[in-house]
file coords_19.cif (mmCIF, C-alpha atoms)
data_start
loop_
_atom_site.label_atom_id
_atom_site.label_comp_id
_atom_site.auth_asym_id
_atom_site.auth_seq_id
_atom_site.Cartn_x
_atom_site.Cartn_y
_atom_site.Cartn_z
CA MET A 1 153.90 5.68 60.50
CA SER A 2 153.64 6.19 56.77
CA PHE A 3 150.78 7.82 54.93
CA VAL A 4 149.48 4.52 53.55
CA GLN A 5 149.36 3.06 57.04
CA ILE A 6 147.38 6.03 58.34
CA VAL A 7 144.93 5.72 55.44
CA PHE A 8 144.55 2.00 56.17
CA LEU A 9 143.92 2.57 59.86
CA VAL A 10 141.33 5.28 59.27
CA THR A 11 139.57 3.13 56.65
CA ALA A 12 139.64 0.00 58.83
CA LEU A 13 138.26 1.90 61.81
CA SER A 14 135.44 3.38 59.75
CA ILE A 15 134.61 -0.02 58.25
CA LEU A 16 134.37 -1.63 61.68
CA ILE A 17 132.39 1.21 63.21
CA ALA A 18 129.95 1.21 60.29
CA ALA A 19 129.59 -2.59 60.49
CA VAL A 20 128.87 -2.54 64.22
CA ARG A 21 126.38 0.32 63.77
CA MET A 22 124.77 -1.70 61.01
CA VAL A 23 124.10 -4.76 63.14
CA THR A 24 122.94 -2.87 66.21
CA THR A 25 120.81 -0.06 64.86
CA GLY A 26 117.08 -0.07 65.46
CA SER A 27 115.97 1.22 62.07
CA MET A 28 116.26 -0.93 58.95
CA VAL A 29 116.79 2.02 56.65
CA HIS A 30 119.72 3.09 58.81
CA ALA A 31 121.11 -0.42 58.63
CA ALA A 32 121.02 -0.34 54.82
CA LEU A 33 122.80 3.03 54.81
CA TRP A 34 125.47 1.81 57.24
CA LEU A 35 125.99 -1.10 54.82
CA VAL A 36 126.68 1.44 52.08
CA ALA A 37 129.28 3.10 54.34
CA THR A 38 130.94 -0.26 54.99
CA LEU A 39 131.04 -1.06 51.28
CA PHE A 40 132.66 2.29 50.50
CA GLY A 41 135.37 1.52 53.05
CA VAL A 42 135.99 -1.87 51.44
CA ALA A 43 136.31 -0.16 48.05
CA VAL A 44 139.01 2.11 49.53
CA LEU A 45 140.78 -1.01 50.77
CA PHE A 46 140.72 -2.48 47.26
CA VAL A 47 142.41 0.68 45.97
CA LEU A 48 145.07 0.32 48.69
CA LEU A 49 145.60 -3.27 47.55
CA GLU A 50 146.29 -2.07 43.99
CA ALA A 51 143.11 -3.63 42.56
CA PRO A 52 141.38 -0.51 41.21
CA PHE A 53 139.10 -2.44 38.86
CA LEU A 54 137.71 -4.35 41.84
CA ALA A 55 137.18 -1.09 43.71
CA VAL A 56 135.06 0.28 40.88
CA VAL A 57 133.17 -3.01 40.54
CA GLN A 58 132.52 -2.91 44.30
CA VAL A 59 131.03 0.57 44.11
CA VAL A 60 128.98 -0.04 40.98
CA ILE A 61 127.72 -3.54 41.77
CA TYR A 62 127.62 -3.80 45.55
CA ILE A 63 126.57 -0.25 46.34
CA GLY A 64 124.82 0.56 43.09
CA ALA A 65 122.84 -2.66 42.80
CA ILE A 66 122.89 -4.85 45.91
CA ALA A 67 122.53 -2.12 48.51
CA ILE A 68 119.75 -0.55 46.42
CA MET A 69 118.00 -3.94 46.38
CA PHE A 70 118.23 -3.99 50.16
CA ILE A 71 116.66 -0.55 50.38
CA PHE A 72 113.88 -1.73 48.07
CA ALA A 73 113.28 -4.77 50.24
CA VAL A 74 113.22 -2.66 53.39
CA MET A 75 110.70 -0.31 51.83
CA LEU A 76 108.52 -3.17 50.60
CA THR A 77 108.43 -5.00 53.93
CA ARG A 78 107.60 -2.29 56.41
CA ARG A 79 104.71 -2.50 58.80
CA GLU A 80 103.83 -0.25 61.66
CA MET A 81 106.17 -1.39 64.39
CA LEU A 82 109.04 -2.97 62.57
CA ASP A 83 111.26 0.08 62.48
CA LYS A 84 111.13 0.79 66.17
CA GLY A 85 111.68 -1.37 69.16
CA PRO A 86 114.48 -3.82 69.81
CA GLN A 87 115.90 -5.35 66.70
CA LEU A 88 118.02 -7.96 68.42
CA ASN A 89 116.43 -11.23 69.38
CA THR A 90 116.76 -13.16 72.61
CA LYS A 91 119.91 -14.98 71.56
CA LYS A 92 122.08 -11.89 71.35
CA GLY A 93 124.33 -12.91 74.27
CA ILE A 94 125.20 -16.22 72.69
CA ALA A 95 125.62 -14.53 69.32
CA ALA A 96 128.02 -11.96 70.72
CA ALA A 97 129.98 -14.68 72.50
CA LEU A 98 130.17 -16.76 69.33
CA GLY A 99 131.30 -13.75 67.31
CA ALA A 100 134.03 -12.99 69.82
CA VAL A 101 135.14 -16.64 69.88
CA THR A 102 135.24 -16.68 66.07
CA PHE A 103 137.40 -13.58 65.94
CA VAL A 104 139.79 -14.73 68.66
CA GLY A 105 140.05 -18.19 67.13
CA LEU A 106 140.76 -16.81 63.66
CA ALA A 107 143.34 -14.36 65.01
CA LEU A 108 145.14 -17.03 67.02
CA MET A 109 145.15 -19.44 64.11
CA LEU A 110 146.49 -16.75 61.77
CA THR A 111 149.37 -15.82 64.08
CA THR A 112 150.70 -19.36 63.87
CA TRP A 113 151.08 -19.05 60.08
CA GLU A 114 154.60 -18.09 59.11
CA GLY A 115 153.63 -15.63 56.40
CA PHE A 116 151.52 -13.61 58.76
CA ASP A 117 153.80 -10.58 59.06
CA SER A 118 154.96 -10.46 55.47
CA TYR A 119 155.07 -7.30 53.48
CA ALA A 120 154.03 -6.82 49.88
CA ARG A 121 156.71 -7.25 47.26
CA PRO A 122 156.67 -4.44 44.72
CA MET A 123 154.47 -5.37 41.81
CA ALA A 124 155.90 -5.19 38.32
CA ASN A 125 154.42 -2.46 36.16
CA VAL A 126 151.93 -4.63 34.34
CA ASP A 127 148.47 -3.72 33.17
CA THR A 128 146.44 -5.58 35.77
CA VAL A 129 143.08 -4.94 34.13
CA ALA A 130 144.25 -6.35 30.79
CA ARG A 131 145.64 -9.41 32.53
CA LEU A 132 142.37 -9.77 34.46
CA GLY A 133 140.48 -9.71 31.17
CA ASP A 134 142.85 -12.34 29.80
CA ALA A 135 142.37 -14.50 32.87
CA LEU A 136 138.58 -14.27 32.74
CA LEU A 137 138.26 -15.00 29.04
CA SER A 138 141.04 -17.36 28.09
CA PRO A 139 140.10 -21.04 27.88
CA ASP A 140 143.12 -22.27 29.82
CA ALA A 141 142.56 -19.71 32.58
CA TYR A 142 139.15 -19.06 34.13
CA LEU A 143 136.73 -19.03 31.22
CA LEU A 144 134.65 -21.93 32.54
CA PRO A 145 133.96 -20.40 35.98
CA PHE A 146 133.09 -17.15 34.23
CA GLU A 147 130.49 -18.83 32.03
CA VAL A 148 129.13 -20.86 34.94
CA ALA A 149 128.75 -17.62 36.94
CA SER A 150 126.74 -16.11 34.12
CA VAL A 151 124.44 -19.16 34.04
CA LEU A 152 124.09 -18.81 37.83
CA LEU A 153 123.06 -15.18 37.42
CA LEU A 154 120.49 -16.19 34.78
CA ALA A 155 119.07 -18.81 37.12
CA ALA A 156 118.93 -16.29 39.99
CA LEU A 157 117.22 -13.77 37.73
CA VAL A 158 114.52 -16.16 36.58
CA GLY A 159 114.11 -17.67 40.03
CA SER A 160 113.76 -14.44 41.94
CA VAL A 161 111.20 -13.09 39.47
CA TYR A 162 109.20 -16.31 39.67
CA VAL A 163 109.31 -16.47 43.46
CA SER A 164 108.17 -12.93 44.05
CA ILE A 165 105.76 -12.36 41.17
CA ASN A 166 102.24 -11.30 42.07
CA LYS A 167 99.94 -13.62 40.20
CA LYS A 168 96.77 -11.55 40.08
CA MET B 1 154.16 -0.51 54.29
CA ILE B 2 151.20 -2.47 55.52
CA PRO B 3 151.84 -6.00 56.75
CA LEU B 4 149.44 -8.72 55.60
CA SER B 5 148.38 -9.33 59.21
CA TRP B 6 146.44 -6.05 59.33
CA TYR B 7 144.26 -7.06 56.37
CA LEU B 8 143.67 -10.54 57.76
CA LEU B 9 142.72 -9.27 61.21
CA LEU B 10 140.39 -6.68 59.72
CA SER B 11 138.63 -9.28 57.60
CA ALA B 12 138.38 -11.64 60.59
CA ALA B 13 136.79 -8.86 62.64
CA LEU B 14 134.38 -7.95 59.84
CA PHE B 15 133.45 -11.61 59.47
CA SER B 16 132.73 -11.88 63.19
CA VAL B 17 130.55 -8.76 63.13
CA GLY B 18 128.62 -10.23 60.18
CA LEU B 19 128.22 -13.51 62.06
CA PHE B 20 126.82 -11.65 65.04
CA GLY B 21 124.43 -9.82 62.72
CA VAL B 22 123.17 -13.07 61.22
CA MET B 23 122.60 -14.74 64.56
CA ALA B 24 121.22 -11.88 66.62
CA ARG B 25 118.82 -9.98 64.39
CA LYS B 26 115.07 -10.50 64.23
CA ASN B 27 114.35 -9.04 60.83
CA ALA B 28 115.00 -11.40 57.91
CA VAL B 29 116.36 -8.57 55.72
CA ALA B 30 118.83 -7.70 58.50
CA ILE B 31 120.04 -11.30 58.53
CA LEU B 32 120.79 -11.00 54.82
CA LEU B 33 122.70 -7.78 55.55
CA GLY B 34 124.91 -9.76 57.93
CA VAL B 35 125.57 -12.31 55.20
CA GLU B 36 126.69 -9.47 52.94
CA LEU B 37 129.19 -8.35 55.57
CA MET B 38 130.66 -11.83 55.71
CA LEU B 39 131.00 -11.96 51.92
CA ASN B 40 132.80 -8.62 51.94
CA ALA B 41 135.20 -9.88 54.58
CA VAL B 42 135.99 -12.86 52.36
CA ASN B 43 136.58 -10.56 49.41
CA ILE B 44 139.07 -8.47 51.40
CA ASN B 45 140.89 -11.67 52.31
CA LEU B 46 141.00 -12.88 48.71
CA VAL B 47 142.34 -9.64 47.27
CA ALA B 48 144.89 -9.28 50.10
CA PHE B 49 146.21 -12.78 49.46
CA TRP B 50 146.31 -12.04 45.75
CA ARG B 51 148.40 -8.93 46.26
CA TYR B 52 150.74 -10.39 48.85
CA GLY B 53 151.03 -13.86 47.37
CA THR B 54 150.81 -14.06 43.61
CA PRO B 55 150.36 -10.58 42.14
CA LEU B 56 151.14 -11.75 38.63
CA ASN B 57 148.59 -14.58 38.55
CA LEU B 58 145.16 -12.96 38.54
CA GLY B 59 143.36 -15.95 40.08
CA GLY B 60 142.73 -14.09 43.33
CA GLN B 61 140.91 -11.28 41.61
CA VAL B 62 138.93 -13.74 39.47
CA PHE B 63 137.84 -15.50 42.66
CA ALA B 64 136.74 -12.16 44.12
CA ILE B 65 134.73 -11.37 40.99
CA ILE B 66 133.00 -14.75 41.18
CA VAL B 67 132.18 -13.98 44.84
CA PHE B 68 130.62 -10.68 43.67
CA ALA B 69 128.45 -12.56 41.18
CA VAL B 70 127.39 -15.20 43.71
CA ALA B 71 126.58 -12.53 46.33
CA ALA B 72 124.40 -10.66 43.85
CA ALA B 73 122.55 -13.84 42.87
CA GLU B 74 122.03 -14.86 46.48
CA VAL B 75 120.77 -11.43 47.54
CA ALA B 76 118.32 -11.35 44.63
CA VAL B 77 116.83 -14.74 45.41
CA GLY B 78 116.91 -14.18 49.18
CA LEU B 79 115.14 -10.86 49.04
CA GLY B 80 112.61 -12.27 46.56
CA LEU B 81 111.84 -14.99 49.07
CA VAL B 82 111.56 -12.50 51.94
CA ILE B 83 109.17 -10.32 49.97
CA SER B 84 107.10 -13.35 49.01
CA VAL B 85 106.91 -14.45 52.64
CA TYR B 86 105.91 -10.93 53.64
CA ARG B 87 103.05 -11.01 51.17
CA ARG B 88 101.72 -14.27 52.54
CA ARG B 89 102.32 -13.87 56.27
CA GLY B 90 102.54 -10.13 56.73
CA THR B 91 105.74 -10.32 58.76
CA VAL B 92 109.47 -10.50 58.16
CA ILE B 93 110.45 -11.32 61.72
CA ALA B 94 112.28 -14.61 61.47
CA ASP B 95 110.81 -15.99 64.70
CA ASP B 96 107.25 -15.54 63.43
CA ILE B 97 107.80 -17.56 60.26
CA ASP B 98 107.28 -20.85 62.04
CA LEU B 99 104.85 -22.91 59.97
CA MET B 100 107.43 -25.66 59.51
CA LYS B 101 108.60 -25.80 63.11
CA TRP B 102 107.51 -28.73 65.17
#
call {"tool": "encode", "arguments": {"input": "coords_19.cif", "output": "structure tokens"}}
result
Amino acid sequence: MSFVQIVFLVTALSILIAAVRMVTTGSMVHAALWLVATLFGVAVLFVLLEAPFLAVVQVVIYIGAIAIMFIFAVMLTRREMLDKGPQLNTKKGIAAALGAVTFVGLALMLTTWEGFDSYARPMANVDTVARLGDALLSPDAYLLPFEVASVLLLAALVGSVYVSINKK
Amino acid sequence: MIPLSWYLLLSAALFSVGLFGVMARKNAVAILLGVELMLNAVNINLVAFWRYGTPLNLGGQVFAIIVFAVAAAEVAVGLGLVISVYRRRGTVIADDIDLMKW
């Protein structure tokens, strides 16, 4: 078993353990911190997949902004009892069954695809980040989705401020 | 080397854990955490297919970046709504926000 495979297996195990701890823990602050652990593991996976720019974006945006927003929301919505006591509702049996069915169904469907066991071809020594910049900003590549995403972010910014503003 | 199947099975498992989190948690913020897990699973899938399929065409990574942007927008609006509901009703337990239930 090569070194890369061992790194992948350790990372995958830690991602799954952190994810399961996140959805079953009783305390919301712990759940937000287990999310941070999961996101770090996903960033390691992006490095393994030779997408280092995405790994850095994952850490800076997901952990540095989105997870912090979650911690803010947890701190702003605490009352006396919410951090203790059972955090799973009455439908947890059906939810667990549905999750298991989803995973088994996806796995079975993927094994019937003929490219399932393929290995990565060696990538040519190109500057991926420069080509990503070209793809995002060139008009016959993905410039339009890029601009639409920025309009979406503007709309989300204005909308979330308007929804949660305290009109006193 | 790592076969593609390992990445796909990991992202399927992460997606299923996120799905369980969305369906089985009482707290509205915890439901949004489950949605974030599902979006991360999708991102792993996208970047894995980019690397193993078309590493010279950066469309896979562009798709993953758009997913980052959409996830950030959705979390901002979702948490704004949850905080607004908390101010009005004093609770974030999803079962107690039932004014529009019949």
call {"tool": "closest_atom_pairs", "arguments": {"input": "coords_19.cif", "of": "region 24-77 of chain A", "to": "region 73-84 of chain B", "cutoff": "10 Å", "atoms": "all atoms listed in the file", "output": "CSV"}}
result
residue,atom,partner,partner_atom,distance
A:Ala65,CA,B:Ala76,CA,10.0
A:Ile66,CA,B:Val75,CA,7.1
A:Ala67,CA,B:Val75,CA,9.5
A:Met69,CA,B:Ala76,CA,7.6
A:Phe70,CA,B:Leu79,CA,7.6
A:Phe72,CA,B:Leu79,CA,9.3
A:Ala73,CA,B:Leu79,CA,6.5
A:Val74,CA,B:Ile83,CA,9.3
A:Leu76,CA,B:Ile83,CA,7.2
A:Thr77,CA,B:Ile83,CA,6.7
call {"tool": "interface_residues", "arguments": {"input": "coords_19.cif", "of": "chain A", "to": "chain B", "cutoff": "6 Å", "atoms": "only C-alpha atoms", "output": "PyMOL selection string"}}
result
chain A and resi 23+87-89+91-92+95-96+99+103+116-120+132+153+156+160+164
call {"tool": "atom_distance", "arguments": {"input": "coords_19.cif", "atom1": "CA of Phe3 (chain A)", "atom2": "CA of Ala55 (chain A)"}}
result
19.8 Å
call {"tool": "atom_distance", "arguments": {"input": "coords_19.cif", "atom1": "CA of Asp96 (chain B)", "atom2": "CA of Leu39 (chain B)"}}
result
26.6 Å
call {"tool": "atom_distance", "arguments": {"input": "coords_19.cif", "atom1": "CA of Ala37 (chain A)", "atom2": "CA of Val10 (chain A)"}}
result
13.2 Å
call {"tool": "axis_aligned_box", "arguments": {"input": "coords_19.cif", "around": "region 132-149 of chain A", "padding_each_side": "6 Å", "output": "AutoDock Vina command-line options"}}
result
--center_x 135.9 --center_y -16.0 --center_z 32.4 --size_x 26.4 --size_y 24.6 --size_z 21.1
call {"tool": "residues_around", "arguments": {"input": "coords_19.cif", "residues": "Ile63 (chain A)", "least_positions_apart": "6", "cutoff": "8 Å", "atoms": "only C-alpha atoms", "output": "CSV table (one decimal) with C-alpha atoms, keeping the file's coordinate frame"}}
result
chain,number,residue,atom,x,y,z
A,36,VAL,CA,126.7,1.4,52.1
A,39,LEU,CA,131.0,-1.1,51.3
A,40,PHE,CA,132.7,2.3,50.5
call {"tool": "resolve_selection", "arguments": {"input": "coords_19.cif", "expression": "the PyMOL selection byres ((chain A and resi 4) around 12)", "output": "PyMOL selection string"}}
result
(chain A and resi 1-3+5-11+44-45+47-49) or (chain B and resi 1-3)
call {"tool": "closest_residue", "arguments": {"input": "coords_19.cif", "among": "A:Val163, A:Ala51, A:Val29, A:Ala141", "to": "Asp127 (chain A)", "atoms": "all atoms listed in the file"}}
result
A:Ala51
call {"tool": "build_atoms", "arguments": {"input": "coords_19.cif", "residues": "region 5-29 of chain A", "atoms": "N, CA and C atoms", "output": "JSON list (two decimals), keeping the file's coordinate frame"}}
result
[["chain", "number", "residue", "atom", "x", "y", "z"],
["A", 5, "GLN", "N", 149.81, 3.73, 55.82],
["A", 5, "GLN", "CA", 149.36, 3.06, 57.04],
["A", 5, "GLN", "C", 148.27, 3.87, 57.73],
["A", 6, "ILE", "N", 148.41, 5.19, 57.72],
["A", 6, "ILE", "CA", 147.38, 6.03, 58.34],
["A", 6, "ILE", "C", 146.07, 5.88, 57.57],
["A", 7, "VAL", "N", 146.15, 5.88, 56.24],
["A", 7, "VAL", "CA", 144.93, 5.72, 55.44],
["A", 7, "VAL", "C", 144.29, 4.38, 55.76],
["A", 8, "PHE", "N", 145.12, 3.32, 55.85],
["A", 8, "PHE", "CA", 144.55, 2.00, 56.17],
["A", 8, "PHE", "C", 143.87, 2.01, 57.52],
["A", 9, "LEU", "N", 144.50, 2.62, 58.52],
["A", 9, "LEU", "CA", 143.92, 2.57, 59.86],
["A", 9, "LEU", "C", 142.62, 3.35, 59.93],
["A", 10, "VAL", "N", 142.57, 4.50, 59.27],
["A", 10, "VAL", "CA", 141.33, 5.28, 59.27],
["A", 10, "VAL", "C", 140.23, 4.49, 58.55],
["A", 11, "THR", "N", 140.57, 3.89, 57.40],
["A", 11, "THR", "CA", 139.57, 3.13, 56.65],
["A", 11, "THR", "C", 139.08, 1.92, 57.45],
["A", 12, "ALA", "N", 140.03, 1.19, 58.06],
["A", 12, "ALA", "CA", 139.64, 0.00, 58.83],
["A", 12, "ALA", "C", 138.75, 0.38, 60.00],
["A", 13, "LEU", "N", 139.08, 1.47, 60.68],
["A", 13, "LEU", "CA", 138.26, 1.90, 61.81],
["A", 13, "LEU", "C", 136.86, 2.27, 61.34],
["A", 14, "SER", "N", 136.77, 2.99, 60.21],
["A", 14, "SER", "CA", 135.44, 3.38, 59.75],
["A", 14, "SER", "C", 134.65, 2.18, 59.28],
["A", 15, "ILE", "N", 135.33, 1.19, 58.67],
["A", 15, "ILE", "CA", 134.61, -0.02, 58.25],
["A", 15, "ILE", "C", 134.03, -0.73, 59.46],
["A", 16, "LEU", "N", 134.84, -0.88, 60.52],
["A", 16, "LEU", "CA", 134.37, -1.63, 61.68],
["A", 16, "LEU", "C", 133.28, -0.88, 62.41],
["A", 17, "ILE", "N", 133.43, 0.44, 62.54],
["A", 17, "ILE", "CA", 132.39, 1.21, 63.21],
["A", 17, "ILE", "C", 131.09, 1.14, 62.43],
["A", 18, "ALA", "N", 131.17, 1.28, 61.10],
["A", 18, "ALA", "CA", 129.95, 1.21, 60.29],
["A", 18, "ALA", "C", 129.32, -0.18, 60.38],
["A", 19, "ALA", "N", 130.14, -1.23, 60.41],
["A", 19, "ALA", "CA", 129.59, -2.59, 60.49],
["A", 19, "ALA", "C", 128.89, -2.80, 61.83],
["A", 20, "VAL", "N", 129.49, -2.35, 62.91],
["A", 20, "VAL", "CA", 128.87, -2.54, 64.22],
["A", 20, "VAL", "C", 127.59, -1.71, 64.32],
["A", 21, "ARG", "N", 127.61, -0.47, 63.78],
["A", 21, "ARG", "CA", 126.38, 0.32, 63.77],
["A", 21, "ARG", "C", 125.30, -0.37, 62.95],
["A", 22, "MET", "N", 125.74, -1.06, 61.88],
["A", 22, "MET", "CA", 124.77, -1.70, 61.01],
["A", 22, "MET", "C", 124.05, -2.83, 61.73],
["A", 23, "VAL", "N", 124.76, -3.62, 62.52],
["A", 23, "VAL", "CA", 124.10, -4.76, 63.14],
["A", 23, "VAL", "C", 123.42, -4.40, 64.43],
["A", 24, "THR", "N", 123.57, -3.19, 64.94],
["A", 24, "THR", "CA", 122.94, -2.87, 66.21],
["A", 24, "THR", "C", 121.91, -1.76, 66.09],
["A", 25, "THR", "N", 121.73, -1.18, 64.92],
["A", 25, "THR", "CA", 120.81, -0.06, 64.86],
["A", 25, "THR", "C", 119.37, -0.54, 64.88],
["A", 26, "GLY", "N", 118.47, 0.32, 65.34],
["A", 26, "GLY", "CA", 117.08, -0.07, 65.46],
["A", 26, "GLY", "C", 116.31, 0.05, 64.17],
["A", 27, "SER", "N", 116.74, 0.93, 63.28],
["A", 27, "SER", "CA", 115.97, 1.22, 62.07],
["A", 27, "SER", "C", 116.57, 0.50, 60.88],
["A", 28, "MET", "N", 115.74, -0.15, 60.08],
["A", 28, "MET", "CA", 116.26, -0.93, 58.95],
["A", 28, "MET", "C", 116.83, -0.05, 57.86],
["A", 29, "VAL", "N", 116.25, 1.13, 57.69],
["A", 29, "VAL", "CA", 116.79, 2.02, 56.65],
["A", 29, "VAL", "C", 118.20, 2.47, 57.04]]
